[in-house]
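*Asks:* Take a look at the following structure, please.
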Amino acid sequence: MPMRVSRVGIKTANIALAAQSEDAGVVSGTTEPIQSPRKRHAIELFEPLPRHYDRVAAVLSFGQDPRWRHAMVSAVHAKPEERVLDVATGTGLVAQALVRAYRCSVVGLDQSSRMLERAHQRLACDPQLAERVRLVMGEAEQLPFADAEFDHLTFTYLLRYVDDPAATLCELSRVVKPGGRVAMLEFAVPERQPWRTLWSFYTRVGLPASGRLISREWSRTGSFLARSIPEFYSRIPLDRLVELWREAGIEAVQVRRMSLGGGVVIWGTKADGQRRVI
Ligand SMILES: C[S@@+](CC[C@H](N)C(=O)[O-])C[C@H]1O[C@@H](n2cnc3c(N)ncnc32)[C@H](O)[C@@H]1O
């Protein structure tokens with residue numbers, strides 16, 4: 001069944017799984033999307049990618065991405081009756097893993113309708129997923145949800161695409177109940193030699209080359225990742241990123257570097273009162 005998107009005069013819309021609900025297309029946001037060059041690029045980048053996204057993401061991460069995703073999901077500890085918001089859900093891999101691990105309910109949010117279409121195709125094939133996952137089109141910077149609406153929240157490969165990671169972290173934290181878990185996954189730059197040099201070589205030469213074997217779009221993505229990962233950590237080193245988590249009202253923050261430092265999983269617990277130190 002095709003997914004329906006309804007936009008009633010405003011730009012942020014909900015997409016429920018059509019197979020699951022006749023209410024698909026209920027509008028939930030009231031604000032205009034932000035359209036900075038970084039944001040436009042993030043939207044354009046994912047337009048042509050969804051078809052082979054899952055396999056290619058694993059290949060481009062040297063087969064490590066599924067392990068990282070598993071580690072992040074394991075940090076959530078959701079109960080079956082709880083609701084998790086998965087931001088930047090893309091093709092729904094994390095949403096699927098959360099349901100399989102905990103039988104919880106998941107709302108998967110993304111700003112790309114193409115990625116959400118792919119997520120819809122994946123989820124609609126499995127009755128358990130179709131029943132427990134709802135897909136919503138929206139932006140991490142201005143979530144169409146009330147304060148403390150979710151028990152837990154996950155986000156994967158998101159912060160490199162937003163203009164203000166500190167503000168986005170506050171927004172993500174806002175919708176989580178006190179005591180809820182927040183967990184993220186991101187690429188990282190290895191700290192130690194020789195891995196750092198090998199990583200630089202792989203991202204500058206290997207990633208674009210492997211992308212070229214797949215398609216022009218994936219070649220562009222490989223080149224983009226080679227620039228975007230180091231650029232992100234030169235703006236916000238990992239220690240500073242952990243501080244931003246605390247400033248967003250998330251405590252007991254833990255960091256797990258994986259695969260010689262090529263991936264990082266960060267998780268913590270939403271504190272009782274949200275605070276942001278500026
Ligand atoms: C690399 S994909 C990751 C998808 C998924 N989390 C995964 O692990 O496979 C990044 C996703 O973030 C989404 N995205 C980027 N910026 C966003 C934003 N500001 N708000 C919502 N989604 C965003 C993109 O549309 C894309 O689907």
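Note on naming: chains are A, B, ... as they come in the structure tokens, residues start from 1 per chain, ligands start from 1 in the order shown.
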Just the residues within 9 Å of Val99 in chain A, please, counting only C-alpha atoms, with nothing from its chain fewer than 3 positions along; format it as a PyMOL selection string.
*Replies:* chain A and resi 80+94-96+102-106+128-129+132-133
*Asks:* Store the residues of this selection in a file with N, CA, C and O atoms, as an mmCIF file, in the first residue's frame.
*Replies:*
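This went into again25.cif:
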```cif
data_model
loop_
_atom_site.group_PDB
_atom_site.id
_atom_site.type_symbol
_atom_site.label_atom_id
_atom_site.label_comp_id
_atom_site.auth_asym_id
_atom_site.auth_seq_id
_atom_site.Cartn_x
_atom_site.Cartn_y
_atom_site.Cartn_z
ATOM 1 N N PRO A 80 8.710 -3.642 27.199
ATOM 2 C CA PRO A 80 7.745 -3.809 26.095
ATOM 3 C C PRO A 80 6.668 -2.733 26.066
ATOM 4 O O PRO A 80 6.195 -2.355 25.003
ATOM 5 N N VAL A 94 17.296 0.973 12.864
ATOM 6 C CA VAL A 94 17.348 1.032 14.332
ATOM 7 C C VAL A 94 15.962 0.760 14.910
ATOM 8 O O VAL A 94 15.823 0.050 15.909
ATOM 9 N N ALA A 95 14.926 1.311 14.255
ATOM 10 C CA ALA A 95 13.557 1.067 14.717
ATOM 11 C C ALA A 95 13.286 -0.440 14.731
ATOM 12 O O ALA A 95 12.755 -0.990 15.702
ATOM 13 N N GLN A 96 13.687 -1.116 13.673
ATOM 14 C CA GLN A 96 13.505 -2.567 13.583
ATOM 15 C C GLN A 96 14.264 -3.280 14.705
ATOM 16 O O GLN A 96 13.723 -4.156 15.380
ATOM 17 N N TYR A 102 13.351 -5.446 22.159
ATOM 18 C CA TYR A 102 12.570 -5.138 23.378
ATOM 19 C C TYR A 102 11.069 -5.297 23.212
ATOM 20 O O TYR A 102 10.344 -5.118 24.186
ATOM 21 N N ARG A 103 10.582 -5.512 21.996
ATOM 22 C CA ARG A 103 9.128 -5.544 21.726
ATOM 23 C C ARG A 103 8.437 -4.247 22.156
ATOM 24 O O ARG A 103 7.253 -4.229 22.490
ATOM 25 N N CYS A 104 9.190 -3.176 22.184
ATOM 26 C CA CYS A 104 8.627 -1.875 22.576
ATOM 27 C C CYS A 104 7.944 -1.233 21.350
ATOM 28 O O CYS A 104 8.014 -1.766 20.246
ATOM 29 N N SER A 105 7.323 -0.075 21.548
ATOM 30 C CA SER A 105 6.793 0.699 20.420
ATOM 31 C C SER A 105 7.834 1.753 20.036
ATOM 32 O O SER A 105 8.514 2.291 20.903
ATOM 33 N N VAL A 106 7.898 2.037 18.752
ATOM 34 C CA VAL A 106 8.901 2.989 18.264
ATOM 35 C C VAL A 106 8.243 3.999 17.335
ATOM 36 O O VAL A 106 7.415 3.632 16.503
ATOM 37 N N GLN A 128 4.760 -7.627 13.049
ATOM 38 C CA GLN A 128 5.170 -7.124 14.369
ATOM 39 C C GLN A 128 5.721 -5.698 14.250
ATOM 40 O O GLN A 128 5.409 -4.821 15.053
ATOM 41 N N LEU A 129 6.495 -5.474 13.199
ATOM 42 C CA LEU A 129 7.060 -4.140 13.005
ATOM 43 C C LEU A 129 5.979 -3.153 12.608
ATOM 44 O O LEU A 129 5.915 -2.033 13.100
ATOM 45 N N ARG A 132 4.125 -2.053 15.587
ATOM 46 C CA ARG A 132 4.811 -1.347 16.675
ATOM 47 C C ARG A 132 5.590 -0.105 16.250
ATOM 48 O O ARG A 132 6.108 0.616 17.092
ATOM 49 N N VAL A 133 5.740 0.108 14.942
ATOM 50 C CA VAL A 133 6.525 1.271 14.501
ATOM 51 C C VAL A 133 5.635 2.247 13.751
ATOM 52 O O VAL A 133 4.872 1.857 12.871
#
```
*Asks:* Contacts between ligand 1 and chain A, please, where a residue of chain A counts if it comes within 7 Å (with only C-alpha atoms and all ligand atoms); show its shortest atom pair and distance in Å to one decimal, rows by chain and ascending number, as CSV.
*Replies:*
```
residue,atom,partner,partner_atom_place_in_ligand_line,distance
A:Lys39,CA,ligand 1,16 (N),6.8
A:Ala42,CA,ligand 1,15 (C),5.6
A:Ile43,CA,ligand 1,25 (O),5.9
A:Phe46,CA,ligand 1,25 (O),5.8
A:Asp54,CA,ligand 1,9 (O),6.8
A:Val87,CA,ligand 1,21 (C),6.3
A:Ala88,CA,ligand 1,22 (N),3.9
A:Thr89,CA,ligand 1,6 (N),4.3
A:Gly90,CA,ligand 1,27 (O),3.4
A:Thr91,CA,ligand 1,9 (O),6.0
A:Gly92,CA,ligand 1,5 (C),6.4
A:Leu93,CA,ligand 1,9 (O),5.5
A:Val94,CA,ligand 1,8 (O),6.1
A:Leu109,CA,ligand 1,21 (C),6.4
A:Asp110,CA,ligand 1,22 (N),3.9
A:Gln111,CA,ligand 1,21 (C),4.2
A:Ser112,CA,ligand 1,25 (O),4.3
A:Met115,CA,ligand 1,27 (O),5.4
A:Gly138,CA,ligand 1,21 (C),5.9
A:Glu139,CA,ligand 1,20 (N),3.6
A:Ala140,CA,ligand 1,20 (N),3.9
A:Glu141,CA,ligand 1,19 (N),5.8
A:Phe155,CA,ligand 1,6 (N),6.2
A:Thr156,CA,ligand 1,6 (N),4.2
A:Tyr157,CA,ligand 1,1 (C),5.1
A:Leu158,CA,ligand 1,12 (O),5.1
A:Tyr161,CA,ligand 1,16 (N),4.8
A:Val162,CA,ligand 1,19 (N),5.4
```
*Asks:* Can you list every residue in range 109-147 of chain A that DSSP puts in helix (DSSP H, G or I), as a list in words?
*Replies:*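 Restricting range 109-147 of chain A to helix (DSSP H, G or I) produces Ser113, Arg114, Met115, Leu116, Glu117, Arg118, Ala119, His120, Gln121, Arg122, Leu123, Ala124, Pro127, Gln128, Leu129, Ala130, Glu131 and Arg132 of chain A.
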*Asks:* Looking at only C-alpha atoms, which of A:Gly268, A:Gly108, A:Gly211, A:Pro144 is the one that sits closest to Ser61 in chain A?
*Replies:*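 Of all the options, A:Gly211 lies closest to Ser61 in chain A.
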